[in-house]
Structures are given as C-alpha cells and as structure tokens.
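What follows is a short report on a single structure.
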Amino acid sequence: MSDCIFCKIISGEIPSKKLYEDDLCYAFYDIAPQSDVHFLVVPKEHISCAKEINGGNSSVISHIFEVIARLASELKLDSYRIINNCGEGAGQTVMHLHFHVLSGKNLGERLI
C-alpha cells in the first residue's frame with residue numbers, strides 16, 4: 001500500500017534500524033521503545049490486521065514467530081512479550097499487521 005508507513009519502511013523509503021530481513025518479513029527497532037528491548041516484526045505482504053489471517057497467508061505468521069524465537073535467542077532474551085493489536089479499538093495505530101517484541105526489567109504483568 002502506497003500510504004502505509006510499514007510498507008515504506010520495508011521498501012527502504014523510510015529509514016529504520018533494521019534488525020532482520022528475509023523474503024517474508026522485516027524486523028526493526030521501535031522508534032519509541034516501551035522497554036529495554038523493543039522491536040517489531042512485520043510481514044512484507046501487506047496484511048492489515050490479525051483478522052485478515054487466513055489459509056493463504058498463515059504460513060507467513062508461523063514464520064514470523066520462528067523469526068521472533070531466533071532473534072530472542074540471538075539477543076539473549078531470557079523472557080519477552082509479544083503483542084499484537086487488531087483494530088483501532090484495540091490500539092492499532094498502523095494498519096499493517098505487526099508484532100511488538102518487548103523485553104527487559106520490570107515488564108511484570110503490565111500490558112503495554
């Protein structure tokens with residue numbers, strides 16, 4: 001989508017601090033981190049939110065979770081939280097499916 005900020009980040013039109021990239025997904029550090037470690041993983045295919053996951057694209061989501069596990073291991077994260085918001089009412093501000101990965105001291109039970 002031409003007006004999607006995450007699509008522009010993936011294409012390189014908007015700079016980001018890239019953590020990982022492959023044919024299916026892109027991971028980058030959040031510009032306004034909410035914890036000691038805060039990065040996002042997004043599918044390269046524009047999927048608006050979780051309610052659009054289906055049999056045709058669910059393998060990308062599985063791959064994203066494999067990438068998250070690999071990145072967490074590489075970053076030596078003992079524990080971490082994965083957050084996905086679906087829809088404006090749930091706090092989704094960019095309408096491109098994305099997963100926040102947060103780690104660090106004092107995450108506790110609070111939800112960000």
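The way I read the labels, and the way they are meant: chains A, B, ... in the order of the structure tokens, residue 1 as the first residue of every chain, and ligand 1 as the first ligand shown, with later ones counted on from there.
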| query | Where does DSSP see strand (DSSP E) in chain A, if you list the residues as a PyMOL selection string? | reply | chain A and resi 18-21+25-29+37-43+81-83+99-103
| Distance query A:Lys76 at most 12 Å, only C-alpha atoms, self and fewer than 5 positions along chain excluded, as a list in words | Val37, Ile68, Ala69, Arg70, Leu71, Ser103 and Gly104 of chain A
| For A:Glu52, which residue out of A:Ala90, A:Cys4, A:His96, A:Tyr29 is the nearest one, using only C-alpha atoms? | A:His96
| atom CA of A:Gly87 and atom CA of A:Ser35, how far apart in Å? |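 So the answer is 22.8 Å.
Each of A:Gly89, A:Gly12, A:Gly108, A:Pro43 was checked against A:Tyr26 using only C-alpha atoms; the smallest atom-to-atom distance is that of A:Pro43.
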